[in-house]
>>> print(open('query_32.pdb').read())   # PDB, C-alpha atoms, pLDDT in the B column
MODEL        1
ATOM      1  CA  MET A   1      11.637   2.273  29.447  1.00 56.00           C
ATOM      2  CA  ALA A   2      13.474  -0.594  31.145  1.00 70.00           C
ATOM      3  CA  GLU A   3      16.938   0.053  32.557  1.00 84.00           C
ATOM      4  CA  THR A   4      19.970  -0.707  30.421  1.00 92.00           C
ATOM      5  CA  TYR A   5      23.292  -2.125  31.626  1.00 96.00           C
ATOM      6  CA  THR A   6      26.718  -2.097  30.013  1.00 96.00           C
ATOM      7  CA  LEU A   7      29.206  -4.961  29.904  1.00 97.00           C
ATOM      8  CA  GLU A   8      32.765  -4.753  28.613  1.00 97.00           C
ATOM      9  CA  ALA A   9      33.891  -7.791  26.611  1.00 97.00           C
ATOM     10  CA  GLU A  10      36.727  -8.952  24.393  1.00 97.00           C
ATOM     11  CA  PRO A  11      36.722 -11.050  21.211  1.00 96.00           C
ATOM     12  CA  ARG A  12      37.377 -14.746  21.847  1.00 95.00           C
ATOM     13  CA  THR A  13      39.366 -17.132  19.671  1.00 91.00           C
ATOM     14  CA  ILE A  14      39.530 -19.968  22.202  1.00 87.00           C
ATOM     15  CA  ILE A  15      36.676 -22.471  21.844  1.00 83.00           C
ATOM     16  CA  GLY A  16      35.953 -26.063  22.805  1.00 83.00           C
ATOM     17  CA  LYS A  17      37.468 -27.641  25.906  1.00 82.00           C
ATOM     18  CA  GLN A  18      40.246 -25.045  26.010  1.00 86.00           C
ATOM     19  CA  VAL A  19      37.804 -22.503  27.457  1.00 90.00           C
ATOM     20  CA  LYS A  20      38.613 -23.991  30.878  1.00 89.00           C
ATOM     21  CA  GLN A  21      41.797 -21.951  30.903  1.00 90.00           C
ATOM     22  CA  LEU A  22      39.730 -18.776  30.478  1.00 93.00           C
ATOM     23  CA  ARG A  23      37.654 -19.617  33.548  1.00 92.00           C
ATOM     24  CA  ARG A  24      40.777 -20.280  35.587  1.00 91.00           C
ATOM     25  CA  ALA A  25      41.918 -16.759  34.657  1.00 93.00           C
ATOM     26  CA  GLY A  26      38.634 -15.226  35.813  1.00 94.00           C
ATOM     27  CA  ARG A  27      37.200 -14.838  32.303  1.00 95.00           C
ATOM     28  CA  ILE A  28      33.873 -16.363  31.233  1.00 96.00           C
ATOM     29  CA  PRO A  29      33.262 -17.520  27.637  1.00 96.00           C
ATOM     30  CA  ALA A  30      30.111 -16.154  26.061  1.00 96.00           C
ATOM     31  CA  VAL A  31      28.539 -15.625  22.655  1.00 97.00           C
ATOM     32  CA  ILE A  32      26.456 -12.908  21.021  1.00 98.00           C
ATOM     33  CA  TYR A  33      24.089 -14.265  18.383  1.00 97.00           C
ATOM     34  CA  GLY A  34      21.212 -12.950  16.307  1.00 96.00           C
ATOM     35  CA  LEU A  35      20.664 -10.556  13.391  1.00 94.00           C
ATOM     36  CA  GLY A  36      22.879 -12.709  11.214  1.00 93.00           C
ATOM     37  CA  GLU A  37      25.990 -12.775  13.408  1.00 93.00           C
ATOM     38  CA  VAL A  38      27.629 -15.114  15.911  1.00 96.00           C
ATOM     39  CA  ILE A  39      30.349 -13.413  17.952  1.00 97.00           C
ATOM     40  CA  PRO A  40      32.354 -15.434  20.523  1.00 96.00           C
ATOM     41  CA  ILE A  41      33.429 -13.187  23.402  1.00 97.00           C
ATOM     42  CA  THR A  42      34.882 -13.351  26.876  1.00 97.00           C
ATOM     43  CA  CYS A  43      33.921 -11.256  29.920  1.00 96.00           C
ATOM     44  CA  SER A  44      35.243 -10.608  33.402  1.00 96.00           C
ATOM     45  CA  GLN A  45      33.575 -13.059  35.773  1.00 95.00           C
ATOM     46  CA  ARG A  46      32.972 -10.391  38.427  1.00 95.00           C
ATOM     47  CA  ALA A  47      31.499  -7.853  35.987  1.00 96.00           C
ATOM     48  CA  LEU A  48      29.345 -10.523  34.364  1.00 96.00           C
ATOM     49  CA  GLU A  49      27.915 -11.717  37.677  1.00 95.00           C
ATOM     50  CA  THR A  50      26.969  -8.130  38.576  1.00 95.00           C
ATOM     51  CA  VAL A  51      25.241  -7.519  35.255  1.00 96.00           C
ATOM     52  CA  LEU A  52      23.364 -10.827  35.341  1.00 96.00           C
ATOM     53  CA  GLN A  53      22.087 -10.130  38.848  1.00 94.00           C
ATOM     54  CA  LYS A  54      20.737  -6.715  37.843  1.00 93.00           C
ATOM     55  CA  ALA A  55      19.599  -7.322  34.274  1.00 94.00           C
ATOM     56  CA  GLY A  56      18.081 -10.792  34.495  1.00 91.00           C
ATOM     57  CA  GLY A  57      16.468 -11.732  31.201  1.00 91.00           C
ATOM     58  CA  THR A  58      14.327  -8.627  30.765  1.00 92.00           C
ATOM     59  CA  HIS A  59      16.732  -5.663  30.834  1.00 94.00           C
ATOM     60  CA  LEU A  60      18.907  -4.667  27.909  1.00 96.00           C
ATOM     61  CA  VAL A  61      22.623  -5.369  28.188  1.00 97.00           C
ATOM     62  CA  ARG A  62      24.839  -3.305  25.916  1.00 97.00           C
ATOM     63  CA  VAL A  63      27.896  -5.448  25.308  1.00 98.00           C
ATOM     64  CA  ALA A  64      30.915  -3.403  24.216  1.00 97.00           C
ATOM     65  CA  VAL A  65      33.449  -5.294  22.071  1.00 97.00           C
ATOM     66  CA  ASN A  66      36.445  -3.481  20.537  1.00 93.00           C
ATOM     67  CA  GLY A  67      34.659  -0.150  20.421  1.00 92.00           C
ATOM     68  CA  LYS A  68      31.420  -1.555  18.977  1.00 96.00           C
ATOM     69  CA  THR A  69      28.287  -1.908  21.110  1.00 97.00           C
ATOM     70  CA  TYR A  70      25.658  -4.621  20.736  1.00 97.00           C
ATOM     71  CA  ASP A  71      22.164  -4.311  22.226  1.00 97.00           C
ATOM     72  CA  THR A  72      21.379  -7.703  23.743  1.00 97.00           C
ATOM     73  CA  LEU A  73      19.222  -9.674  26.136  1.00 97.00           C
ATOM     74  CA  VAL A  74      20.534 -12.508  28.304  1.00 96.00           C
ATOM     75  CA  ARG A  75      19.047 -15.688  26.859  1.00 95.00           C
ATOM     76  CA  GLU A  76      20.854 -18.560  28.587  1.00 96.00           C
ATOM     77  CA  VAL A  77      23.239 -18.914  31.507  1.00 96.00           C
ATOM     78  CA  GLN A  78      25.076 -22.218  31.917  1.00 95.00           C
ATOM     79  CA  ARG A  79      26.181 -22.905  35.510  1.00 94.00           C
ATOM     80  CA  ASP A  80      28.096 -25.646  37.244  1.00 92.00           C
ATOM     81  CA  VAL A  81      25.469 -27.868  38.851  1.00 93.00           C
ATOM     82  CA  ILE A  82      27.378 -28.223  42.132  1.00 93.00           C
ATOM     83  CA  ARG A  83      29.217 -24.928  42.651  1.00 91.00           C
ATOM     84  CA  ARG A  84      26.787 -22.781  40.589  1.00 92.00           C
ATOM     85  CA  ASP A  85      29.734 -21.008  38.938  1.00 92.00           C
ATOM     86  CA  ILE A  86      28.965 -19.432  35.566  1.00 94.00           C
ATOM     87  CA  LEU A  87      30.262 -21.572  32.697  1.00 95.00           C
ATOM     88  CA  HIS A  88      28.887 -19.813  29.627  1.00 95.00           C
ATOM     89  CA  VAL A  89      26.369 -17.108  28.675  1.00 97.00           C
ATOM     90  CA  ASP A  90      24.325 -16.595  25.510  1.00 97.00           C
ATOM     91  CA  PHE A  91      23.416 -13.008  24.609  1.00 98.00           C
ATOM     92  CA  LEU A  92      20.685 -12.468  21.999  1.00 97.00           C
ATOM     93  CA  ARG A  93      21.331  -9.428  19.825  1.00 97.00           C
ATOM     94  CA  VAL A  94      18.147  -7.395  19.308  1.00 97.00           C
ATOM     95  CA  ASP A  95      16.909  -4.609  17.061  1.00 97.00           C
ATOM     96  CA  LEU A  96      15.509  -1.852  19.291  1.00 96.00           C
ATOM     97  CA  ALA A  97      12.985  -0.924  16.588  1.00 97.00           C
ATOM     98  CA  ARG A  98      11.654  -4.470  16.141  1.00 97.00           C
ATOM     99  CA  LYS A  99       9.197  -6.203  18.466  1.00 97.00           C
ATOM    100  CA  LEU A 100      10.144  -9.537  19.961  1.00 96.00           C
ATOM    101  CA  ARG A 101       8.442 -12.310  21.890  1.00 95.00           C
ATOM    102  CA  THR A 102       9.564 -13.346  25.344  1.00 94.00           C
ATOM    103  CA  GLN A 103       8.356 -14.879  28.599  1.00 94.00           C
ATOM    104  CA  VAL A 104       7.816 -12.643  31.640  1.00 96.00           C
ATOM    105  CA  SER A 105       7.121 -13.915  35.154  1.00 96.00           C
ATOM    106  CA  ILE A 106       3.766 -13.305  36.862  1.00 97.00           C
ATOM    107  CA  LEU A 107       3.737 -12.067  40.457  1.00 97.00           C
ATOM    108  CA  LEU A 108       0.600 -12.491  42.554  1.00 97.00           C
ATOM    109  CA  THR A 109       0.039  -9.639  45.019  1.00 97.00           C
ATOM    110  CA  ASN A 110      -2.366  -9.252  47.958  1.00 97.00           C
ATOM    111  CA  VAL A 111      -2.693 -13.025  48.289  1.00 97.00           C
ATOM    112  CA  PRO A 112      -5.453 -13.697  50.873  1.00 96.00           C
ATOM    113  CA  LYS A 113      -5.319 -16.150  53.756  1.00 95.00           C
ATOM    114  CA  LEU A 114      -7.582 -19.080  52.878  1.00 95.00           C
ATOM    115  CA  ALA A 115      -9.672 -21.445  54.953  1.00 94.00           C
ATOM    116  CA  ALA A 116      -7.866 -24.535  56.231  1.00 93.00           C
ATOM    117  CA  ASP A 117      -9.427 -26.805  53.596  1.00 94.00           C
ATOM    118  CA  LEU A 118      -8.507 -24.560  50.632  1.00 96.00           C
ATOM    119  CA  MET A 119      -5.308 -23.872  48.754  1.00 96.00           C
ATOM    120  CA  LEU A 120      -4.219 -21.480  46.014  1.00 96.00           C
ATOM    121  CA  THR A 121      -2.728 -23.104  42.911  1.00 96.00           C
ATOM    122  CA  HIS A 122      -0.589 -21.072  40.509  1.00 96.00           C
ATOM    123  CA  PRO A 123      -0.214 -23.237  37.375  1.00 95.00           C
ATOM    124  CA  ILE A 124       0.964 -20.415  35.108  1.00 95.00           C
ATOM    125  CA  VAL A 125       3.970 -18.552  36.519  1.00 96.00           C
ATOM    126  CA  SER A 126       4.931 -16.698  33.340  1.00 96.00           C
ATOM    127  CA  VAL A 127       3.251 -15.417  30.200  1.00 97.00           C
ATOM    128  CA  GLU A 128       4.454 -14.841  26.647  1.00 97.00           C
ATOM    129  CA  ILE A 129       4.345 -11.226  25.527  1.00 97.00           C
ATOM    130  CA  GLU A 130       5.253  -9.236  22.429  1.00 98.00           C
ATOM    131  CA  CYS A 131       6.795  -5.777  22.674  1.00 97.00           C
ATOM    132  CA  LEU A 132       9.840  -3.692  21.830  1.00 96.00           C
ATOM    133  CA  PRO A 133      13.041  -4.713  23.677  1.00 95.00           C
ATOM    134  CA  THR A 134      12.922  -1.448  25.630  1.00 94.00           C
ATOM    135  CA  ASN A 135       9.397  -2.159  26.925  1.00 94.00           C
ATOM    136  CA  ILE A 136       9.948  -5.596  28.490  1.00 95.00           C
ATOM    137  CA  PRO A 137       8.669  -5.438  32.093  1.00 94.00           C
ATOM    138  CA  ASP A 138      10.634  -6.968  34.984  1.00 92.00           C
ATOM    139  CA  HIS A 139       7.515  -8.935  35.899  1.00 94.00           C
ATOM    140  CA  ILE A 140       3.752  -8.587  35.704  1.00 97.00           C
ATOM    141  CA  GLU A 141       1.835  -8.015  38.928  1.00 97.00           C
ATOM    142  CA  VAL A 142      -1.774  -9.163  39.299  1.00 97.00           C
ATOM    143  CA  ASP A 143      -4.014  -8.576  42.329  1.00 97.00           C
ATOM    144  CA  ALA A 144      -5.086 -11.888  43.897  1.00 97.00           C
ATOM    145  CA  SER A 145      -7.173 -10.422  46.745  1.00 97.00           C
ATOM    146  CA  ARG A 146     -10.437 -11.712  45.281  1.00 96.00           C
ATOM    147  CA  LEU A 147      -9.289 -15.330  45.386  1.00 97.00           C
ATOM    148  CA  GLN A 148     -10.994 -16.251  48.653  1.00 96.00           C
ATOM    149  CA  THR A 149     -13.618 -18.871  47.802  1.00 96.00           C
ATOM    150  CA  LEU A 150     -13.550 -22.311  46.202  1.00 96.00           C
ATOM    151  CA  GLY A 151     -13.424 -22.017  42.405  1.00 96.00           C
ATOM    152  CA  ALA A 152     -12.344 -18.361  42.332  1.00 97.00           C
ATOM    153  CA  LYS A 153      -9.721 -17.827  39.630  1.00 97.00           C
ATOM    154  CA  LEU A 154      -7.585 -15.394  37.692  1.00 98.00           C
ATOM    155  CA  THR A 155      -6.998 -15.737  33.961  1.00 98.00           C
ATOM    156  CA  VAL A 156      -4.723 -14.087  31.416  1.00 97.00           C
ATOM    157  CA  ALA A 157      -7.590 -11.682  30.711  1.00 97.00           C
ATOM    158  CA  ASP A 158      -7.186 -10.366  34.285  1.00 97.00           C
ATOM    159  CA  LEU A 159      -3.586  -9.267  33.729  1.00 97.00           C
ATOM    160  CA  PRO A 160      -3.094  -5.485  33.771  1.00 97.00           C
ATOM    161  CA  VAL A 161      -2.937  -3.522  30.539  1.00 97.00           C
ATOM    162  CA  LEU A 162       0.646  -2.402  29.932  1.00 96.00           C
ATOM    163  CA  GLU A 163       1.490   0.230  27.340  1.00 94.00           C
ATOM    164  CA  GLY A 164       3.213  -1.289  24.328  1.00 95.00           C
ATOM    165  CA  VAL A 165       2.844  -4.847  25.634  1.00 97.00           C
ATOM    166  CA  GLU A 166       0.624  -7.507  24.023  1.00 98.00           C
ATOM    167  CA  TYR A 167      -0.225 -10.782  25.782  1.00 98.00           C
ATOM    168  CA  LEU A 168      -0.002 -13.746  23.413  1.00 97.00           C
ATOM    169  CA  ALA A 169      -1.496 -16.416  25.673  1.00 96.00           C
ATOM    170  CA  ASP A 170      -5.139 -17.522  25.551  1.00 97.00           C
ATOM    171  CA  PRO A 171      -7.171 -14.945  27.572  1.00 97.00           C
ATOM    172  CA  HIS A 172      -9.054 -17.831  29.224  1.00 97.00           C
ATOM    173  CA  GLU A 173      -5.893 -19.587  30.442  1.00 97.00           C
ATOM    174  CA  VAL A 174      -5.985 -19.900  34.237  1.00 97.00           C
ATOM    175  CA  ILE A 175      -3.148 -18.215  36.142  1.00 97.00           C
ATOM    176  CA  ALA A 176      -4.318 -18.983  39.680  1.00 97.00           C
ATOM    177  CA  ARG A 177      -7.292 -20.768  41.201  1.00 97.00           C
ATOM    178  CA  VAL A 178      -8.651 -21.691  44.644  1.00 97.00           C
ATOM    179  CA  GLU A 179      -9.022 -25.469  45.062  1.00 96.00           C
ATOM    180  CA  LEU A 180      -9.659 -27.978  47.821  1.00 95.00           C
ATOM    181  CA  LEU A 181      -6.540 -28.852  49.764  1.00 90.00           C
ATOM    182  CA  THR A 182      -7.263 -32.550  49.217  1.00 76.00           C
ATOM    183  CA  GLY A 183      -7.319 -32.141  45.439  1.00 50.00           C
ATOM    184  CA  THR A 184      -3.620 -32.903  44.829  1.00 47.00           C
ATOM    185  CA  THR A 185      -3.048 -36.464  43.657  1.00 41.00           C
ATOM    186  CA  VAL A 186      -0.041 -38.692  44.134  1.00 39.00           C
ATOM    187  CA  GLU A 187       0.514 -38.782  40.362  1.00 44.00           C
ATOM    188  CA  GLU A 188       0.687 -34.975  40.172  1.00 47.00           C
ATOM    189  CA  THR A 189       3.234 -34.846  42.978  1.00 41.00           C
ATOM    190  CA  ALA A 190       5.399 -37.450  41.254  1.00 41.00           C
ATOM    191  CA  GLU A 191       5.238 -35.566  37.973  1.00 47.00           C
ATOM    192  CA  GLU A 192       6.383 -32.323  39.647  1.00 44.00           C
ATOM    193  CA  SER A 193       9.328 -34.134  41.223  1.00 40.00           C
ATOM    194  CA  THR A 194      10.385 -35.477  37.830  1.00 38.00           C
ATOM    195  CA  THR A 195      10.214 -32.002  36.282  1.00 38.00           C
ATOM    196  CA  MET A 196      12.560 -30.540  38.895  1.00 38.00           C
ATOM    197  CA  ALA A 197      15.359 -33.054  38.270  1.00 37.00           C
ATOM    198  CA  GLU A 198      18.667 -31.607  36.983  1.00 33.00           C
ATOM    199  CA  PRO A 199      20.465 -34.219  34.820  1.00 31.00           C
ATOM    200  CA  GLU A 200      19.755 -32.124  31.727  1.00 34.00           C
ATOM    201  CA  VAL A 201      21.680 -29.204  33.214  1.00 35.00           C
ATOM    202  CA  ILE A 202      24.694 -31.461  33.795  1.00 32.00           C
ATOM    203  CA  GLU A 203      24.568 -32.739  30.220  1.00 37.00           C
ATOM    204  CA  ARG A 204      24.263 -29.264  28.751  1.00 44.00           C
ATOM    205  CA  GLY A 205      27.173 -28.074  30.858  1.00 44.00           C
ATOM    206  CA  LYS A 206      29.434 -30.788  29.445  1.00 41.00           C
ATOM    207  CA  LYS A 207      28.331 -30.222  25.868  1.00 45.00           C
ATOM    208  CA  GLN A 208      28.896 -26.476  26.194  1.00 46.00           C
ATOM    209  CA  GLU A 209      32.657 -26.960  26.603  1.00 46.00           C
ATOM    210  CA  GLU A 210      32.775 -28.509  23.160  1.00 43.00           C
ATOM    211  CA  GLU A 211      30.872 -25.694  21.471  1.00 49.00           C
ATOM    212  CA  PHE A 212      30.995 -21.893  21.645  1.00 58.00           C
TER     213      PHE A 212
ENDMDL
END
>>> encode(input="query_32.pdb", output="structure tokens")
Amino acid sequence: MAETYTLEAEPRTIIGKQVKQLRRAGRIPAVIYGLGEVIPITCSQRALETVLQKAGGTHLVRVAVNGKTYDTLVREVQRDVIRRDILHVDFLRVDLARKLRTQVSILLTNVPKLAADLMLTHPIVSVEIECLPTNIPDHIEVDASRLQTLGAKLTVADLPVLEGVEYLADPHEVIARVELLTGTTVEETAEESTTMAEPEVIERGKKQEEEF
């Protein structure tokens, strides 16, 4: 069973642009949603940062509000683009007896040293799984030691069997593959640069102040 963390919170009546005053007082606006409810809350910035660092998006966070506890997962963290301060957090309320779908990161282990003309590509860095909230793994490790020759690859079918966890991706989907170092094109490099741009984060940060 994955570890569970507890976070103390208070009900929140302040919404919209007025939430700035909460942040100045060391309180972070947040919301619990799911299972038919939307509950605006506020949390201590220091306590929230500690919980987020430990829980990530895979460990349960039990949010206590006025004596009632909600089993949740962290679903979205809005941060200031420059200072990286937390602006807002979304907690998804979950039913511990009901399976859910989520993305879990893939970690390659025992990565071999390749010949000078080869490189290891890792196009799939996470995989969608279905399991109970208490069975979500931190990450999924897969042994990459056999990836030593051109064309060698790992697919979703090579991921380890985990009790209570079902992989939803195509078993033939390639996770990692050995390719020629000269195989990367200019177009692919440009596309990756575009994907990493952050204007969307700025826009979402501004919109968040006008919502929950």
>>> closest_residue(input="query_32.pdb", among="A:Glu141, A:Arg27, A:Thr58, A:Asp80", to="Val161 of chain A", atoms="all atoms listed in the file")
A:Glu141
>>> atom_distance(input="query_32.pdb", atom1="atom CA of Gly34 of chain A", atom2="atom CA of Leu100 of chain A")
12.1 Å
>>> atom_distance(input="query_32.pdb", atom1="atom CA of Gly151 of chain A", atom2="atom CA of Gln103 of chain A")
26.8 Å
>>> resolve_selection(input="query_32.pdb", expression="the PyMOL selection byres ((chain A and resi 64-73) around 12)", output="mmCIF file with C-alpha atoms, keeping the file's coordinate frame")
data_model
loop_
_atom_site.group_PDB
_atom_site.id
_atom_site.type_symbol
_atom_site.label_atom_id
_atom_site.label_comp_id
_atom_site.auth_asym_id
_atom_site.auth_seq_id
_atom_site.Cartn_x
_atom_site.Cartn_y
_atom_site.Cartn_z
ATOM 1 C CA ALA A 2 13.474 -0.594 31.145
ATOM 2 C CA GLU A 3 16.938 0.053 32.557
ATOM 3 C CA THR A 4 19.970 -0.707 30.421
ATOM 4 C CA TYR A 5 23.292 -2.125 31.626
ATOM 5 C CA THR A 6 26.718 -2.097 30.013
ATOM 6 C CA LEU A 7 29.206 -4.961 29.904
ATOM 7 C CA GLU A 8 32.765 -4.753 28.613
ATOM 8 C CA ALA A 9 33.891 -7.791 26.611
ATOM 9 C CA GLU A 10 36.727 -8.952 24.393
ATOM 10 C CA PRO A 11 36.722 -11.050 21.211
ATOM 11 C CA ARG A 12 37.377 -14.746 21.847
ATOM 12 C CA VAL A 31 28.539 -15.625 22.655
ATOM 13 C CA ILE A 32 26.456 -12.908 21.021
ATOM 14 C CA TYR A 33 24.089 -14.265 18.383
ATOM 15 C CA GLY A 34 21.212 -12.950 16.307
ATOM 16 C CA LEU A 35 20.664 -10.556 13.391
ATOM 17 C CA GLU A 37 25.990 -12.775 13.408
ATOM 18 C CA VAL A 38 27.629 -15.114 15.911
ATOM 19 C CA ILE A 39 30.349 -13.413 17.952
ATOM 20 C CA PRO A 40 32.354 -15.434 20.523
ATOM 21 C CA ILE A 41 33.429 -13.187 23.402
ATOM 22 C CA THR A 42 34.882 -13.351 26.876
ATOM 23 C CA CYS A 43 33.921 -11.256 29.920
ATOM 24 C CA VAL A 51 25.241 -7.519 35.255
ATOM 25 C CA LEU A 52 23.364 -10.827 35.341
ATOM 26 C CA ALA A 55 19.599 -7.322 34.274
ATOM 27 C CA GLY A 56 18.081 -10.792 34.495
ATOM 28 C CA GLY A 57 16.468 -11.732 31.201
ATOM 29 C CA THR A 58 14.327 -8.627 30.765
ATOM 30 C CA HIS A 59 16.732 -5.663 30.834
ATOM 31 C CA LEU A 60 18.907 -4.667 27.909
ATOM 32 C CA VAL A 61 22.623 -5.369 28.188
ATOM 33 C CA ARG A 62 24.839 -3.305 25.916
ATOM 34 C CA VAL A 63 27.896 -5.448 25.308
ATOM 35 C CA VAL A 74 20.534 -12.508 28.304
ATOM 36 C CA ARG A 75 19.047 -15.688 26.859
ATOM 37 C CA GLU A 76 20.854 -18.560 28.587
ATOM 38 C CA VAL A 77 23.239 -18.914 31.507
ATOM 39 C CA VAL A 89 26.369 -17.108 28.675
ATOM 40 C CA ASP A 90 24.325 -16.595 25.510
ATOM 41 C CA PHE A 91 23.416 -13.008 24.609
ATOM 42 C CA LEU A 92 20.685 -12.468 21.999
ATOM 43 C CA ARG A 93 21.331 -9.428 19.825
ATOM 44 C CA VAL A 94 18.147 -7.395 19.308
ATOM 45 C CA ASP A 95 16.909 -4.609 17.061
ATOM 46 C CA LEU A 96 15.509 -1.852 19.291
ATOM 47 C CA ALA A 97 12.985 -0.924 16.588
ATOM 48 C CA LEU A 100 10.144 -9.537 19.961
ATOM 49 C CA ARG A 101 8.442 -12.310 21.890
ATOM 50 C CA THR A 102 9.564 -13.346 25.344
ATOM 51 C CA LEU A 132 9.840 -3.692 21.830
ATOM 52 C CA PRO A 133 13.041 -4.713 23.677
ATOM 53 C CA THR A 134 12.922 -1.448 25.630
ATOM 54 C CA ILE A 136 9.948 -5.596 28.490
#
>>> residues_near_point(input="query_32.pdb", point="(0.4, -14.7, 42.5)", cutoff="7 Å", atoms="only C-alpha atoms", output="list of chain:residue names")
A:Ile106, A:Leu107, A:Leu108, A:Thr109, A:Val111, A:His122, A:Val142, A:Ala144, A:Ala176
>>> atom_distance(input="query_32.pdb", atom1="atom CA of Ile28 of chain A", atom2="atom CA of Lys54 of chain A")
17.6 Å
>>> resolve_selection(input="query_32.pdb", expression="the PyMOL selection byres ((chain A and resi 129) around 8)", output="list in words")
Arg101, Thr102, Gln103, Val104, Val127, Glu128, Glu130, Cys131, Val165, Glu166, Tyr167, Leu168 and Ala169 of chain A
>>> closest_residue(input="query_32.pdb", among="A:Leu22, A:Ala152, A:Leu48, A:Pro137", to="Leu114 of chain A", atoms="all atoms listed in the file")
A:Ala152
>>> resolve_selection(input="query_32.pdb", expression="the PyMOL selection byres ((chain A and resi 171) around 8)", output="NGL selection string")
:A and (155-157 or 169-170 or 172-173)
>>> closest_residue(input="query_32.pdb", among="A:Thr13, A:Ser105, A:Gln21, A:Asn110", to="Ser126 of chain A", atoms="only C-alpha atoms")
A:Ser105
>>> residues_around(input="query_32.pdb", residues="Leu150 of chain A", least_positions_apart="6", cutoff="12 Å", atoms="all atoms listed in the file", output="list in words")
Leu114, Ala115, Ala116, Asp117, Leu118, Met119, Leu120, Thr121, Ala176, Arg177, Val178, Glu179, Leu180, Leu181 and Gly183 of chain A
>>> write_last_selection(input="query_32.pdb", atoms="C-alpha atoms", output="short mmCIF file (atom, residue, chain, number, x, y, z; two decimals), in the frame of the given file")
data_model
loop_
_atom_site.label_atom_id
_atom_site.label_comp_id
_atom_site.auth_asym_id
_atom_site.auth_seq_id
_atom_site.Cartn_x
_atom_site.Cartn_y
_atom_site.Cartn_z
CA LEU A 114 -7.58 -19.08 52.88
CA ALA A 115 -9.67 -21.44 54.95
CA ALA A 116 -7.87 -24.54 56.23
CA ASP A 117 -9.43 -26.80 53.60
CA LEU A 118 -8.51 -24.56 50.63
CA MET A 119 -5.31 -23.87 48.75
CA LEU A 120 -4.22 -21.48 46.01
CA THR A 121 -2.73 -23.10 42.91
CA ALA A 176 -4.32 -18.98 39.68
CA ARG A 177 -7.29 -20.77 41.20
CA VAL A 178 -8.65 -21.69 44.64
CA GLU A 179 -9.02 -25.47 45.06
CA LEU A 180 -9.66 -27.98 47.82
CA LEU A 181 -6.54 -28.85 49.76
CA GLY A 183 -7.32 -32.14 45.44
#
>>> residues_around(input="query_32.pdb", residues="Arg23 of chain A", least_positions_apart="4", cutoff="9 Å", atoms="all atoms listed in the file", output="PyMOL selection string")
chain A and resi 19+27-29+45+86-87
>>> decode(input="query_32.pdb", residues="segment 86-116 of chain A", atoms="C-alpha atoms", output="tab-separated table (two decimals), in the first residue's frame")
chain	number	residue	atom	x	y	z
A	86	ILE	CA	2.55	27.83	-5.25
A	87	LEU	CA	-0.53	29.75	-6.40
A	88	HIS	CA	-3.28	27.13	-6.23
A	89	VAL	CA	-3.71	23.36	-5.82
A	90	ASP	CA	-6.44	21.01	-7.05
A	91	PHE	CA	-7.12	17.90	-4.95
A	92	LEU	CA	-9.17	15.10	-6.52
A	93	ARG	CA	-11.39	13.33	-4.01
A	94	VAL	CA	-11.28	9.55	-4.49
A	95	ASP	CA	-13.23	6.51	-3.36
A	96	LEU	CA	-10.75	4.03	-1.86
A	97	ALA	CA	-12.92	1.12	-3.02
A	98	ARG	CA	-13.16	2.30	-6.64
A	99	LYS	CA	-10.44	1.89	-9.26
A	100	LEU	CA	-9.19	4.95	-11.08
A	101	ARG	CA	-7.01	5.71	-14.08
A	102	THR	CA	-3.84	7.74	-13.80
A	103	GLN	CA	-0.43	8.28	-15.39
A	104	VAL	CA	2.68	6.91	-13.67
A	105	SER	CA	6.25	7.72	-14.71
A	106	ILE	CA	8.55	5.05	-16.15
A	107	LEU	CA	12.11	4.78	-14.83
A	108	LEU	CA	14.74	2.99	-16.89
A	109	THR	CA	17.30	1.12	-14.77
A	110	ASN	CA	20.64	-0.50	-15.66
A	111	VAL	CA	20.98	1.70	-18.74
A	112	PRO	CA	24.02	0.42	-20.71
A	113	LYS	CA	26.80	2.51	-22.21
A	114	LEU	CA	26.32	2.53	-25.98
A	115	ALA	CA	28.72	2.76	-28.89
A	116	ALA	CA	29.60	6.28	-30.01
